[in-house]
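Source file run_6.cif; content: mmCIF, C-alpha atoms and all ligand atoms.
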```cif
data_upload
loop_
_atom_site.group_PDB
_atom_site.id
_atom_site.type_symbol
_atom_site.label_atom_id
_atom_site.label_comp_id
_atom_site.auth_asym_id
_atom_site.auth_seq_id
_atom_site.Cartn_x
_atom_site.Cartn_y
_atom_site.Cartn_z
ATOM 1 C CA MET A 1310 5.987 17.632 36.988
ATOM 2 C CA ILE A 1311 9.653 16.948 37.603
ATOM 3 C CA ASN A 1312 9.189 17.129 41.381
ATOM 4 C CA ARG A 1313 6.315 14.708 41.300
ATOM 5 C CA LEU A 1314 8.426 12.293 39.292
ATOM 6 C CA LYS A 1315 11.235 12.553 41.805
ATOM 7 C CA ILE A 1316 8.985 11.653 44.674
ATOM 8 C CA GLY A 1317 7.809 8.545 42.902
ATOM 9 C CA LEU A 1318 11.289 7.123 42.469
ATOM 10 C CA ARG A 1319 12.734 4.370 44.556
ATOM 11 C CA PRO A 1320 16.048 5.246 46.199
ATOM 12 C CA ARG A 1321 18.668 3.365 44.204
ATOM 13 C CA PRO A 1322 21.693 5.632 44.291
ATOM 14 C CA ASN A 1323 23.720 3.752 41.697
ATOM 15 C CA ILE A 1324 21.039 4.010 39.098
ATOM 16 C CA GLY A 1325 19.523 7.360 39.878
ATOM 17 C CA LEU A 1326 16.265 6.701 38.134
ATOM 18 C CA GLY A 1327 14.936 3.986 40.348
ATOM 19 C CA GLY A 1328 15.878 1.492 37.707
ATOM 20 C CA VAL A 1329 13.780 0.121 34.948
ATOM 21 C CA ALA A 1330 10.633 -1.468 36.297
ATOM 22 C CA PRO A 1331 10.214 -5.197 35.906
ATOM 23 C CA GLU A 1332 8.205 -6.295 32.927
ATOM 24 C CA THR A 1333 4.810 -6.779 34.450
ATOM 25 C CA ALA A 1334 1.494 -5.888 32.907
ATOM 26 C CA ALA A 1335 0.827 -3.395 35.710
ATOM 27 C CA SER A 1336 4.053 -1.449 35.294
ATOM 28 C CA ARG A 1337 3.969 -1.546 31.525
ATOM 29 C CA PRO A 1338 0.567 -0.252 30.544
ATOM 30 C CA LEU A 1339 1.792 0.721 27.077
ATOM 31 C CA ALA A 1340 3.896 -2.390 26.631
ATOM 32 C CA SER A 1341 7.243 -1.452 25.175
ATOM 33 C CA PRO A 1342 10.649 -3.110 24.990
ATOM 34 C CA ALA A 1343 12.193 -0.348 27.125
ATOM 35 C CA SER A 1344 13.255 -2.638 29.915
ATOM 36 C CA ARG A 1345 16.123 -3.993 27.917
ATOM 37 C CA PRO A 1346 19.394 -2.669 29.329
ATOM 38 C CA SER A 1347 20.525 -1.649 25.848
ATOM 39 C CA VAL A 1348 17.832 1.015 25.806
ATOM 40 C CA MET A 1349 19.350 2.652 28.865
ATOM 41 C CA GLN A 1350 22.764 2.639 27.190
ATOM 42 C CA ALA A 1351 21.587 4.079 23.889
ATOM 43 C CA PRO A 1352 23.207 7.388 22.926
ATOM 44 C CA VAL A 1353 21.390 10.665 23.559
ATOM 45 C CA LEU A 1354 22.466 13.932 21.979
ATOM 46 C CA VAL A 1355 22.890 16.726 24.543
ATOM 47 C CA LEU A 1356 22.228 20.297 23.422
ATOM 48 C CA ASN A 1357 23.173 23.438 25.255
ATOM 49 C CA ALA A 1358 20.356 25.828 26.137
ATOM 50 C CA THR A 1359 21.133 27.543 22.818
ATOM 51 C CA PHE A 1360 20.525 24.276 20.898
ATOM 52 C CA GLU A 1361 24.236 23.882 20.178
ATOM 53 C CA PRO A 1362 25.150 20.167 20.310
ATOM 54 C CA ILE A 1363 27.689 19.736 23.096
ATOM 55 C CA ASN A 1364 27.865 16.120 24.047
ATOM 56 C CA VAL A 1365 26.593 12.600 23.716
ATOM 57 C CA THR A 1366 25.472 10.720 26.770
ATOM 58 C CA ALA A 1367 23.585 7.514 27.577
ATOM 59 C CA VAL A 1368 19.834 7.332 28.082
ATOM 60 C CA ARG A 1369 20.329 6.531 31.747
ATOM 61 C CA ARG A 1370 22.308 9.717 32.367
ATOM 62 C CA ALA A 1371 19.946 11.792 30.232
ATOM 63 C CA LEU A 1372 16.981 10.654 32.307
ATOM 64 C CA VAL A 1373 18.799 11.640 35.494
ATOM 65 C CA LEU A 1374 19.417 15.118 34.054
ATOM 66 C CA MET A 1375 15.752 15.394 33.118
ATOM 67 C CA LEU A 1376 14.540 14.265 36.521
ATOM 68 C CA LYS A 1377 16.884 16.715 38.221
ATOM 69 C CA GLY A 1378 15.314 19.468 36.189
ATOM 70 C CA VAL A 1379 18.639 20.219 34.496
ATOM 71 C CA ALA A 1380 17.512 19.227 31.014
ATOM 72 C CA GLN A 1381 14.365 18.560 29.047
ATOM 73 C CA ALA A 1382 13.670 16.180 26.212
ATOM 74 C CA GLU A 1383 13.618 17.767 22.753
ATOM 75 C CA GLU A 1384 13.144 14.500 20.888
ATOM 76 C CA THR A 1385 12.023 11.142 22.158
ATOM 77 C CA ASN A 1386 12.023 7.685 20.692
ATOM 78 C CA HIS A 1387 9.327 5.049 20.919
ATOM 79 C CA HIS A 1388 10.522 3.479 24.129
ATOM 80 C CA GLU A 1389 9.342 4.188 27.629
ATOM 81 C CA VAL A 1390 10.921 3.607 31.013
ATOM 82 C CA HIS A 1391 8.973 3.347 34.219
ATOM 83 C CA SER A 1392 9.548 4.682 37.673
ATOM 84 C CA THR A 1393 7.295 3.426 40.431
ATOM 85 C CA SER A 1394 4.514 5.729 39.334
ATOM 86 C CA LYS A 1395 5.285 7.153 35.900
ATOM 87 C CA ALA A 1396 6.055 6.119 32.393
ATOM 88 C CA ILE A 1397 8.666 8.379 30.819
ATOM 89 C CA GLN A 1398 9.393 8.622 27.105
ATOM 90 C CA VAL A 1399 13.001 7.752 26.450
ATOM 91 C CA PRO A 1400 14.797 10.826 25.088
ATOM 92 C CA SER A 1401 16.775 10.848 21.875
ATOM 93 C CA VAL A 1402 17.842 14.495 22.195
ATOM 94 C CA ILE A 1403 17.860 16.556 25.399
ATOM 95 C CA ARG A 1404 18.567 20.240 25.980
ATOM 96 C CA LEU A 1405 20.051 21.869 29.069
ATOM 97 C CA LEU A 1406 17.684 24.435 30.555
ATOM 98 C CA THR A 1407 20.538 26.748 31.586
ATOM 99 C CA TYR A 1408 23.403 27.735 29.289
ATOM 100 C CA ARG A 1409 26.725 26.153 30.175
ATOM 101 C CA HIS A 1410 30.105 27.310 29.013
ATOM 102 C CA ILE A 1411 31.942 24.197 27.836
ATOM 103 C CA PRO A 1412 35.693 24.621 27.412
ATOM 104 C CA GLN A 1413 36.912 22.659 24.397
ATOM 105 C CA GLN A 1414 39.737 21.082 26.399
ATOM 106 C CA SER A 1415 37.317 19.321 28.650
ATOM 107 C CA ARG A 1416 36.025 17.096 25.856
ATOM 108 C CA ALA A 1417 36.586 13.504 26.836
ATOM 109 C CA LEU A 1418 39.913 12.131 25.752
ATOM 110 C CA SER A 1419 39.287 8.429 25.533
ATOM 111 C CA ARG A 1420 40.395 5.471 23.501
ATOM 112 C CA LYS A 1421 36.922 5.258 22.039
ATOM 113 C CA ASN A 1422 36.928 8.888 20.920
ATOM 114 C CA ILE A 1423 40.424 8.681 19.429
ATOM 115 C CA LEU A 1424 39.404 5.601 17.443
ATOM 116 C CA LEU A 1425 36.269 7.404 16.286
ATOM 117 C CA ARG A 1426 38.238 10.461 15.220
ATOM 118 C CA ASP A 1427 40.661 8.259 13.294
ATOM 119 C CA ARG A 1428 37.794 6.128 11.971
ATOM 120 C CA ASN A 1429 39.332 2.908 13.212
ATOM 121 C CA THR A 1430 42.167 3.397 10.765
ATOM 122 C CA CYS A 1431 45.823 2.864 11.635
ATOM 123 C CA GLN A 1432 47.357 6.289 11.164
ATOM 124 C CA PHE A 1433 50.605 4.788 9.902
ATOM 125 C CA CYS A 1434 49.640 2.032 7.432
ATOM 126 C CA ALA A 1435 46.188 3.487 6.644
ATOM 127 C CA ALA A 1436 44.436 0.134 7.027
ATOM 128 C CA ALA A 1437 41.093 -0.051 8.820
ATOM 129 C CA PHE A 1438 40.705 -2.512 11.686
ATOM 130 C CA PRO A 1439 38.102 -3.583 14.213
ATOM 131 C CA ALA A 1440 38.572 -1.632 17.451
ATOM 132 C CA SER A 1441 39.919 -4.751 19.168
ATOM 133 C CA GLU A 1442 42.846 -4.852 16.751
ATOM 134 C CA LEU A 1443 43.897 -1.281 17.324
ATOM 135 C CA THR A 1444 45.886 0.336 20.050
ATOM 136 C CA LEU A 1445 46.703 3.959 20.783
ATOM 137 C CA ASP A 1446 50.149 5.182 19.842
ATOM 138 C CA HIS A 1447 51.894 8.162 21.396
ATOM 139 C CA VAL A 1448 53.375 9.872 18.334
ATOM 140 C CA MET A 1449 56.081 11.392 20.527
ATOM 141 C CA PRO A 1450 56.759 8.458 22.878
ATOM 142 C CA ARG A 1451 55.793 8.868 26.501
ATOM 143 C CA SER A 1452 59.325 7.919 27.518
ATOM 144 C CA ARG A 1453 60.430 11.097 25.773
ATOM 145 C CA GLY A 1454 57.897 13.405 27.254
ATOM 146 C CA GLY A 1455 55.066 12.792 24.803
ATOM 147 C CA ARG A 1456 51.758 13.630 26.373
ATOM 148 C CA SER A 1457 48.468 11.788 26.311
ATOM 149 C CA SER A 1458 46.550 14.368 24.339
ATOM 150 C CA TRP A 1459 44.380 14.604 21.248
ATOM 151 C CA GLU A 1460 47.422 15.967 19.381
ATOM 152 C CA ASN A 1461 49.780 13.171 20.405
ATOM 153 C CA LEU A 1462 47.593 10.051 20.321
ATOM 154 C CA VAL A 1463 46.610 8.169 17.188
ATOM 155 C CA ALA A 1464 44.915 4.903 16.328
ATOM 156 C CA CYS A 1465 47.579 2.353 15.457
ATOM 157 C CA CYS A 1466 47.581 -1.321 14.509
ATOM 158 C CA TYR A 1467 49.739 -3.683 16.547
ATOM 159 C CA THR A 1468 52.136 -4.312 13.684
ATOM 160 C CA CYS A 1469 52.912 -0.626 13.240
ATOM 161 C CA ASN A 1470 52.980 -0.123 16.998
ATOM 162 C CA ASN A 1471 55.630 -2.840 17.406
ATOM 163 C CA ARG A 1472 57.608 -1.500 14.521
ATOM 164 C CA LYS A 1473 57.579 2.011 15.954
ATOM 165 C CA GLY A 1474 58.438 1.062 19.520
ATOM 166 C CA ASP A 1475 59.867 3.931 21.544
ATOM 167 C CA ARG A 1476 60.760 5.984 18.510
ATOM 168 C CA THR A 1477 59.296 8.923 16.664
ATOM 169 C CA PRO A 1478 57.625 8.119 13.324
ATOM 170 C CA GLU A 1479 60.607 9.613 11.471
ATOM 171 C CA GLU A 1480 63.102 7.465 13.372
ATOM 172 C CA ALA A 1481 61.017 4.342 12.692
ATOM 173 C CA GLY A 1482 60.569 5.144 9.014
ATOM 174 C CA LEU A 1483 56.817 5.557 9.428
ATOM 175 C CA ARG A 1484 54.689 8.384 8.168
ATOM 176 C CA LEU A 1485 51.557 9.702 9.783
ATOM 177 C CA GLN A 1486 48.586 9.707 7.434
ATOM 178 C CA ARG A 1487 47.710 13.071 8.846
ATOM 179 C CA ARG A 1488 48.542 15.165 11.846
ATOM 180 C CA PRO A 1489 46.323 14.214 14.772
ATOM 181 C CA ARG A 1490 43.815 16.982 15.163
ATOM 182 C CA PRO A 1491 42.985 18.596 18.438
ATOM 183 C CA PHE A 1492 39.448 18.271 19.581
ATOM 184 C CA THR A 1493 37.596 21.074 17.861
ATOM 185 C CA LEU A 1494 33.951 21.783 17.389
ATOM 186 C CA HIS A 1495 34.319 20.129 13.990
ATOM 187 C CA THR A 1496 35.696 16.912 15.520
ATOM 188 C CA SER A 1497 32.978 17.053 18.088
ATOM 189 C CA ARG A 1498 30.213 17.281 15.487
ATOM 190 C CA GLN A 1499 31.853 14.543 13.449
ATOM 191 C CA LEU A 1500 31.942 12.233 16.455
ATOM 192 C CA MET A 1501 28.329 13.010 17.246
ATOM 193 C CA ARG A 1502 27.334 12.187 13.684
ATOM 194 C CA LEU A 1503 29.215 8.913 13.792
ATOM 195 C CA ILE A 1504 27.622 7.946 17.087
ATOM 196 C CA GLY A 1505 24.169 9.084 16.078
ATOM 197 C CA HIS A 1506 24.074 8.132 12.431
ATOM 198 C CA ARG A 1507 21.167 5.790 13.056
ATOM 199 C CA ASP A 1508 19.016 8.406 14.744
ATOM 200 C CA GLU A 1509 17.182 10.625 12.272
ATOM 201 C CA LYS A 1510 16.119 12.923 15.052
ATOM 202 C CA TRP A 1511 19.663 14.143 15.665
ATOM 203 C CA ARG A 1512 20.081 15.473 12.165
ATOM 204 C CA LYS A 1513 18.496 18.857 12.412
ATOM 205 C CA TYR A 1514 20.694 19.675 15.396
ATOM 206 C CA LEU A 1515 23.902 18.542 13.731
ATOM 207 C CA PHE A 1516 23.307 20.285 10.373
ATOM 208 C CA TYR A 1517 23.522 17.210 8.160
HETATM 209 ZN ZN ZN A 1601 49.351 -0.030 10.891
#
```

Could I get this file's structure written as structure tokens?
Amino acid sequence: MINRLKIGLRPRPNIGLGGVAPETAASRPLASPASRPSVMQAPVLVLNATFEPINVTAVRRALVLMLKGVAQAEETNHHEVHSTSKAIQVPSVIRLLTYRHIPQQSRALSRKNILLRDRNTCQFCAAAFPASELTLDHVMPRSRGGRSSWENLVACCYTCNNRKGDRTPEEAGLRLQRRPRPFTLHTSRQLMRLIGHRDEKWRKYLFY
């Protein structure tokens, strides 16, 4: 089935899935709102072959993994996307067909993930802010060898960031709300829950 799907796809290397078909009656026999770009960006929970949650990806990437035969859908939502010849149910949860060892250190260190871990809360003044009003602070300043790591980066409001400058929290008279945690399985699950809190279908895999 996967091979047949592959053959039907138009070659559009940047998209990988042949793109979402235009909204015509012919290509949308079951009329759904799947052609909206937001559908392709929606989060999909990725499970290892053992059903252990390992990652969150976007629908677009999940579909590529499915079409490559690397993963299969475990849960789908009500949307469909269309290749030239097929309608495919948009996955909500996918599972890798072969077990992959995932080293903890490889988990994505990103501004978004740090803000999620710290729940958009300045780790010095404990106030919550919209993401746009937060920056990342190197607890041990970069100028003094502080690394960009889960253990040395925290969400920080601009006021606290200016106050701290190139100093350690102690030197600046600031106190960390809590030590920044490394990325553990616990953090990982917590992030997945935060990202997927609207999707009921993720729950049984994340042990709510
Ligand atoms: Zn602050």

task = I would like the residues chosen by the PyMOL selection byres (((not hetatm)) within 12 of (chain A and resi 1601)) on the shown file; could you give them as a ChimeraX atom specification?
result = /A:1429-1438,1442-1446,1463-1473,1478,1483-1486

Would you list the contacts of stretch 1354-1369 of chain A as an mmCIF file with C-alpha atoms, in the coordinates of the input, taking every protein, DNA or RNA residue within 6 Å and counting only C-alpha atoms, but skipping same-chain residues closer than 6 positions in sequence?
```cif
data_model
loop_
_atom_site.group_PDB
_atom_site.id
_atom_site.type_symbol
_atom_site.label_atom_id
_atom_site.label_comp_id
_atom_site.auth_asym_id
_atom_site.auth_seq_id
_atom_site.Cartn_x
_atom_site.Cartn_y
_atom_site.Cartn_z
ATOM 1 C CA VAL A 1402 17.842 14.495 22.195
ATOM 2 C CA ILE A 1403 17.860 16.556 25.399
ATOM 3 C CA ARG A 1404 18.567 20.240 25.980
ATOM 4 C CA LEU A 1405 20.051 21.869 29.069
ATOM 5 C CA LEU A 1406 17.684 24.435 30.555
ATOM 6 C CA THR A 1407 20.538 26.748 31.586
ATOM 7 C CA TYR A 1408 23.403 27.735 29.289
#
```

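Computed from the coordinates, the atom CA of A:Arg1488 to atom CA of A:Leu1462 distance equals 9.9 Å.
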
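Atom CA of A:Arg1451 is found 8.1 Å from atom CA of A:Asp1475.
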
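By only C-alpha atoms, and with residues fewer than 6 positions from A:Leu1418 along its chain excluded, the set lying at most 10 Å from it is Ser1457, Ser1458, Trp1459, Leu1462 and Phe1492 of chain A.
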
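From atom CA of A:Met1449 back to atom CA of A:Glu1479, the distance works out to 10.3 Å.
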
Run the PyMOL selection byres (((chain A and resi 1498) around 12) and not hetatm) mentally over the shown coordinates, then write out the matched residues as a PyMOL selection string, using the chain letters and numbers from the document.
chain A and resi 1354-1356+1361-1365+1416+1425-1426+1492-1497+1499-1506+1511-1512+1514-1517

### Message
Residues proximal to (9.7, 15.9, 26.7) were defined as those with any atom within 9 Å of that point in the file's coordinates, counting only C-alpha atoms. Which are they, as a list in words?
### Response
Met1375, Gln1381, Ala1382, Glu1383, Glu1384, Thr1385, Ile1397, Gln1398, Val1399, Pro1400 and Ile1403 of chain A

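If you measure from each of A:Ala1351, A:Gly1482, A:Gly1474, A:Ala1440 to A:Ser1452 using only C-alpha atoms, the closest one turns out to be A:Gly1474.
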
Among A:Leu1424, A:Ile1411, A:Val1348, A:Leu1374, A:His1388 is approached most closely, using all atoms listed in the file, by A:Val1348
